[in-house]
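**Student:** Provided herewith: target-v6.txt, compact mmCIF, C-alpha atoms and all ligand atoms.
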# COMPACT_ATOMS: atom_id res chain seq x y z
CA MET M 18 77.86 123.42 83.34
CA THR M 19 80.54 124.59 85.72
CA ARG M 20 82.49 121.56 86.85
CA GLY M 21 81.82 117.89 87.32
CA PHE M 22 82.55 114.31 86.40
CA GLU M 23 81.42 111.99 83.62
CA ILE M 24 82.05 108.37 82.73
CA VAL M 25 84.37 107.79 79.76
CA SER M 26 82.38 106.20 76.88
CA LYS M 27 84.22 102.90 76.73
CA TYR M 28 83.19 102.25 80.36
CA ALA M 29 79.54 103.20 79.75
CA ASP M 30 78.14 99.77 80.62
CA GLN M 31 80.62 98.84 83.37
CA GLY M 32 78.60 100.15 86.30
CA LEU M 33 81.20 102.69 87.45
CA ASN M 34 80.44 105.25 90.16
CA LEU M 35 81.19 108.92 89.67
CA PRO M 36 83.68 110.30 92.23
CA TYR M 37 81.95 111.24 95.45
CA ARG M 38 82.64 112.90 98.78
CA ALA M 39 82.64 110.41 101.65
CA THR M 40 81.48 112.86 104.34
CA LYS M 41 79.49 116.11 104.46
CA GLN M 42 82.47 118.45 104.50
CA ALA M 43 85.02 116.34 102.66
CA ALA M 44 87.01 118.47 100.21
CA GLY M 45 88.04 115.63 97.94
CA TYR M 46 85.93 113.51 95.61
CA ASP M 47 87.07 109.92 96.00
CA PHE M 48 87.94 108.09 92.80
CA GLU M 49 87.37 104.36 92.49
CA ALA M 50 89.39 101.89 90.42
CA ALA M 51 87.64 101.10 87.12
CA THR M 52 89.09 97.57 86.93
CA ASP M 53 90.94 95.04 89.04
CA PHE M 54 94.61 95.97 88.95
CA THR M 55 97.88 94.62 90.36
CA LEU M 56 100.59 96.98 91.51
CA PRO M 57 103.82 94.97 91.73
CA SER M 58 106.10 95.63 94.67
CA ILE M 59 109.01 97.78 93.55
CA TRP M 60 111.36 95.69 95.69
CA LYS M 61 110.45 92.22 94.63
CA LEU M 62 112.74 91.82 91.66
CA ASN M 63 115.52 93.66 93.43
CA PHE M 64 115.35 91.24 96.35
CA ILE M 65 115.44 88.29 93.99
CA LYS M 66 118.39 89.81 92.15
CA VAL M 67 120.36 90.46 95.33
CA LEU M 68 119.63 87.03 96.78
CA TRP M 69 120.65 85.42 93.52
CA GLN M 70 123.87 87.40 93.55
CA LEU M 71 124.62 86.42 97.14
CA ARG M 72 123.97 82.75 96.49
CA HIS M 73 125.57 82.36 93.11
CA GLY M 74 128.05 85.20 92.89
CA GLU M 75 126.65 86.24 89.52
CA THR M 76 125.84 89.83 88.71
CA ALA M 77 122.60 90.78 86.98
CA THR M 78 122.67 91.00 83.21
CA ASP M 79 121.21 93.87 81.16
CA ALA M 80 118.25 91.61 80.36
CA ASP M 81 117.67 91.12 84.12
CA LEU M 82 117.74 94.87 84.60
CA ASP M 83 115.28 95.40 81.73
CA THR M 84 112.89 92.95 83.38
CA ALA M 85 113.32 94.71 86.71
CA ALA M 86 112.72 98.10 85.10
CA LYS M 87 109.26 96.96 83.98
CA VAL M 88 108.27 96.51 87.61
CA LEU M 89 110.20 99.39 89.15
CA LYS M 90 107.96 102.04 87.67
CA PRO M 91 104.78 103.83 88.60
CA TYR M 92 101.59 102.41 87.16
CA LEU M 93 98.65 104.34 85.77
CA VAL M 94 95.53 102.92 87.36
CA PRO M 95 92.45 103.58 85.20
CA THR M 96 89.46 105.34 86.72
CA GLY M 97 87.12 105.48 83.71
CA ILE M 98 86.30 109.06 84.75
CA LYS M 99 86.79 112.41 83.03
CA ALA M 100 86.32 115.84 84.59
CA TYR M 101 85.10 119.10 83.08
CA MET M 102 85.66 122.49 84.70
CA ASN M 103 86.04 126.22 84.02
CA ALA M 104 89.10 127.37 82.03
CA ASP M 105 90.74 128.86 85.14
CA GLU M 106 90.43 125.68 87.20
CA TYR M 107 92.18 122.35 87.45
CA LEU M 108 91.48 119.16 89.32
CA MET M 109 94.13 118.23 91.83
CA ILE M 110 94.59 114.50 92.40
CA ALA M 111 95.87 113.77 95.89
CA ASN M 112 96.56 110.50 97.62
CA ARG M 113 94.31 109.21 100.37
CA SER M 114 96.25 109.44 103.62
CA SER M 115 95.40 105.81 104.35
CA ASN M 116 97.09 104.54 101.19
CA PRO M 117 100.72 104.71 102.38
CA LEU M 118 99.75 103.45 105.84
CA LYS M 119 97.56 100.54 104.86
CA ARG M 120 98.65 99.60 101.37
CA ASN M 121 102.16 101.07 100.83
CA LEU M 122 100.90 103.15 97.93
CA VAL M 123 102.24 106.61 97.08
CA LEU M 124 101.64 109.05 94.25
CA PRO M 125 105.11 109.32 92.71
CA ASN M 126 104.18 112.62 91.10
CA GLY M 127 103.32 114.13 94.50
CA VAL M 128 100.00 115.42 93.23
CA GLY M 129 98.38 114.90 89.85
CA VAL M 130 97.25 117.96 87.91
CA ILE M 131 94.28 117.42 85.60
CA ASP M 132 94.10 120.33 83.18
CA ALA M 133 90.75 121.69 81.98
CA ASP M 134 91.82 121.02 78.35
CA TYR M 135 92.49 117.35 79.11
CA TYR M 136 88.71 116.83 79.04
CA ASP M 137 87.61 115.03 75.87
CA ASN M 138 91.13 115.06 74.41
CA PRO M 139 91.41 113.07 71.13
CA LYS M 140 93.74 110.43 72.53
CA ASN M 141 91.87 109.06 75.53
CA GLU M 142 88.76 111.24 75.89
CA GLY M 143 90.22 112.73 79.06
CA GLU M 144 90.29 109.59 81.17
CA ILE M 145 91.91 110.32 84.50
CA PHE M 146 94.55 107.87 85.66
CA ILE M 147 95.91 107.69 89.18
CA GLN M 148 99.63 107.19 89.13
CA LEU M 149 100.63 104.87 91.97
CA LEU M 150 103.81 103.25 93.20
CA ASN M 151 103.79 100.28 95.56
CA PHE M 152 106.74 100.65 97.93
CA GLY M 153 105.75 97.61 99.97
CA ILE M 154 107.43 94.23 99.68
CA ARG M 155 104.31 92.44 98.42
CA ASP M 156 102.22 93.06 95.33
CA VAL M 157 99.02 95.02 95.98
CA HIS M 158 95.87 93.73 94.32
CA ILE M 159 93.34 96.47 93.78
CA LYS M 160 89.73 95.50 93.21
CA LYS M 161 87.39 97.42 90.94
CA GLY M 162 85.51 99.96 93.08
CA GLU M 163 88.27 100.42 95.67
CA ARG M 164 88.96 104.05 96.39
CA LEU M 165 92.40 105.01 95.08
CA GLY M 166 92.74 108.75 95.57
CA GLN M 167 90.80 111.99 95.69
CA GLY M 168 90.19 114.87 93.30
CA LEU M 169 89.89 118.50 94.44
CA PHE M 170 88.72 121.25 92.11
CA MET M 171 91.08 124.22 92.41
CA PRO M 172 91.32 127.72 90.88
CA PHE M 173 94.66 128.86 89.42
CA LEU M 174 96.10 132.27 88.53
CA ALA M 175 97.89 133.31 85.33
CA ALA M 176 101.03 135.49 85.21
CA ASP M 177 101.11 139.05 83.80
CA ASN M 178 102.36 139.63 80.27
CA GLU M 179 102.22 136.00 79.33
CA ALA M 180 102.84 135.22 75.66
CA GLU M 181 99.67 133.82 74.10
CA VAL M 182 99.54 130.02 74.29
CA THR M 183 98.11 128.51 71.12
CA THR M 184 98.97 124.82 71.53
CA THR M 185 95.99 122.47 71.87
CA ARG M 186 96.24 119.49 74.21
CA THR M 187 96.23 116.13 72.43
CA GLY M 188 96.62 113.77 75.39
CA GLY M 189 98.44 113.52 78.68
CA PHE M 190 101.56 112.08 80.30
CA GLY M 191 104.17 113.88 78.22
CA SER M 192 101.96 114.68 75.20
CA SER M 193 103.28 118.27 75.10
CA GLY M 194 106.87 117.06 74.66
CA LYS M 195 109.96 117.01 76.86
O1 LIG J 201 97.93 111.97 88.00
C1 LIG J 201 97.64 112.36 86.86
C2 LIG J 201 98.33 113.44 86.26
C3 LIG J 201 97.98 113.82 84.97
N1 LIG J 201 96.98 113.19 84.30
C4 LIG J 201 96.59 113.65 82.95
C5 LIG J 201 95.71 114.89 83.04
C6 LIG J 201 96.63 116.02 82.73
O2 LIG J 201 95.93 117.11 82.13
C7 LIG J 201 97.61 115.38 81.77
C8 LIG J 201 98.96 116.04 81.73
O3 LIG J 201 99.48 116.11 83.03
P1 LIG J 201 100.80 116.96 83.32
O4 LIG J 201 100.78 118.27 82.59
O5 LIG J 201 100.98 116.99 84.78
O6 LIG J 201 101.93 115.98 82.72
P2 LIG J 201 103.01 116.24 81.56
O7 LIG J 201 104.07 115.24 81.77
O8 LIG J 201 103.39 117.69 81.50
O9 LIG J 201 102.17 115.81 80.27
P3 LIG J 201 101.68 116.76 79.04
O10 LIG J 201 102.91 116.99 78.22
O11 LIG J 201 100.64 115.92 78.34
O12 LIG J 201 101.12 118.04 79.63
O13 LIG J 201 97.75 114.02 82.21
C9 LIG J 201 96.27 112.15 84.90
O14 LIG J 201 95.33 111.56 84.33
N2 LIG J 201 96.63 111.76 86.16
MG MG J 202 101.96 119.27 81.17
Translate this file's structure into structure tokens.
Ligand SMILES: O=c1ccn([C@H]2C[C@H](O)[C@@H](COP(=O)(O)OP(=O)(O)OP(=O)(O)O)O2)c(=O)[nH]1
Ligand SMILES: [Mg+2]
**Tutor:**
Amino acid sequence: MTRGFEIVSKYADQGLNLPYRATKQAAGYDFEAATDFTLPSIWKLNFIKVLWQLRHGETATDADLDTAAKVLKPYLVPTGIKAYMNADEYLMIANRSSNPLKRNLVLPNGVGVIDADYYDNPKNEGEIFIQLLNFGIRDVHIKKGERLGQGLFMPFLAADNEAEVTTTRTGGFGSSGK
């Protein structure tokens, strides 16, 4: 076992496809969405707020801003996939170049880094999520099976004289603290 992909147990009977390379020499394994998913436009509420303000001369309340904040954030789109790899490797998640052009979707984290110790973590079994932000003016409806992004297995190097790291990964997305 060197590196590869598996389906997360809770998706076992959902007919998911493992990530795959679309052409002979493609570097990235394309990941599909595990479920239908809606990515709200980050502008929508802002437009409504501004129009409301222009028409009625009222400023937005804190409650309005809280509602807007729910939409103005990146979403974690589930893939139902986990990846195993050697200890000196990681899986880089990159956007598909067609996503910004065709669907106004960007990876707000630039690239995603899937650590080798994320695999089978106790919190979510190592499920990989693709973080996406919809900068278009309309909501984007993703269908199960649509390709969201690509994963590239990469080697990494460690620095000299590094203090021994003893912390075990328990999850992702801020699990190791601030
Ligand atoms: O696009 C991404 C990025 C990360 N992850 C998962 C795998 C990764 O191993 C873990 C932690 O990612 P990272 O170290 O980049 O985020 P963090 O904010 O430092 O979280 P943590 O404190 O859990 O390390 O979250 C994803 O599923 N998708
Ligand atoms: Mg981290």
**Student:** Mind dumping a table of every range 131-184 of chain M residue within 9 Å of range 97-100 of chain M, with the nearest atom pair and its distance in Å to one decimal, using only C-alpha atoms, sorted by chain and rising number, as a Markdown table?
**Tutor:**
| residue | atom | partner | partner_atom | distance |
| --- | --- | --- | --- | --- |
| M:Ile131 | CA | M:Ala100 | CA | 8.2 |
| M:Ala133 | CA | M:Ala100 | CA | 7.8 |
| M:Tyr135 | CA | M:Ala100 | CA | 8.4 |
| M:Tyr136 | CA | M:Ala100 | CA | 6.1 |
| M:Asp137 | CA | M:Lys99 | CA | 7.7 |
| M:Glu142 | CA | M:Lys99 | CA | 7.5 |
| M:Gly143 | CA | M:Lys99 | CA | 5.3 |
| M:Glu144 | CA | M:Lys99 | CA | 4.9 |
| M:Ile145 | CA | M:Lys99 | CA | 5.7 |
| M:Phe146 | CA | M:Gly97 | CA | 8.0 |
**Student:** Looking at only C-alpha atoms and all ligand atoms, which of M:Glu23, M:Asp132, M:Asp47, M:Asp81 is the one that sits closest to ligand MG 202 (chain J)?
**Tutor:** M:Asp132
**Student:** Please check which protein, DNA or RNA residues sit within 10 Å of ligand LIG 201 (chain J), counting all atoms listed in the file, and write them as a PyMOL selection string.
**Tutor:** chain M and resi 93-96+98-100+107-112+124-136+138+141+143-149+166+168+186-195
**Student:** Give as a ChimeraX atom specification each residue that has an atom at most 10 Å from (109.4, 96.5, 90.4) in the file, counting only C-alpha atoms.
**Tutor:** /M:56-64,84-91,150-152,154,156
**Student:** Find the distance between CA of Thr52 in chain M and CA of Gly162 in chain M and write it in Å to one decimal.
**Tutor:**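 That distance, rounded to one decimal, is 7.5 Å.
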**Student:** Using Å and a single decimal, report how far CA of Ala39 in chain M sits from CA of Arg20 in chain M.
**Tutor:**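 For CA of Arg20 in chain M relative to CA of Ala39 in chain M, the distance reads 18.5 Å.
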**Student:** Between M:Glu179, M:Asp79, M:Asn34, M:Arg155, which one has atoms that come closest to Phe22 in chain M, using only C-alpha atoms?
**Tutor:** M:Asn34
**Student:** Out of M:Tyr92, M:Arg120, M:Glu75, M:Gln42, which residue has the shortest atom-to-atom distance to Glu163 in chain M when counting only C-alpha atoms?
**Tutor:** M:Arg120
**Student:** Of the candidates M:Lys27, M:Thr184, M:Arg164, M:Gln70, which shows the shortest atom-to-atom distance to ligand MG 202 (chain J), using all atoms listed in the file?
**Tutor:** M:Thr184
**Student:** Between CA of Phe173 in chain M and CA of Ala50 in chain M, what is the distance, to one decimal in Å?
**Tutor:**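 About the pair CA of Phe173 in chain M and CA of Ala50 in chain M: they are 27.5 Å apart.
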**Student:** Nearest to Arg38 in chain M among M:Ala180, M:Met102, M:Leu169, M:Val25, with distances taken over all atoms listed in the file: which residue is it?
**Tutor:**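 Going through M:Ala180, M:Met102, M:Leu169, M:Val25 one by one, the smallest distance to Arg38 in chain M is for M:Leu169.
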**Student:** I need the residue nearest Ile24 in chain M from this list: M:Thr40, M:Gly45, M:Leu122, M:Ala51. Use only C-alpha atoms for the distance.
**Tutor:** M:Ala51
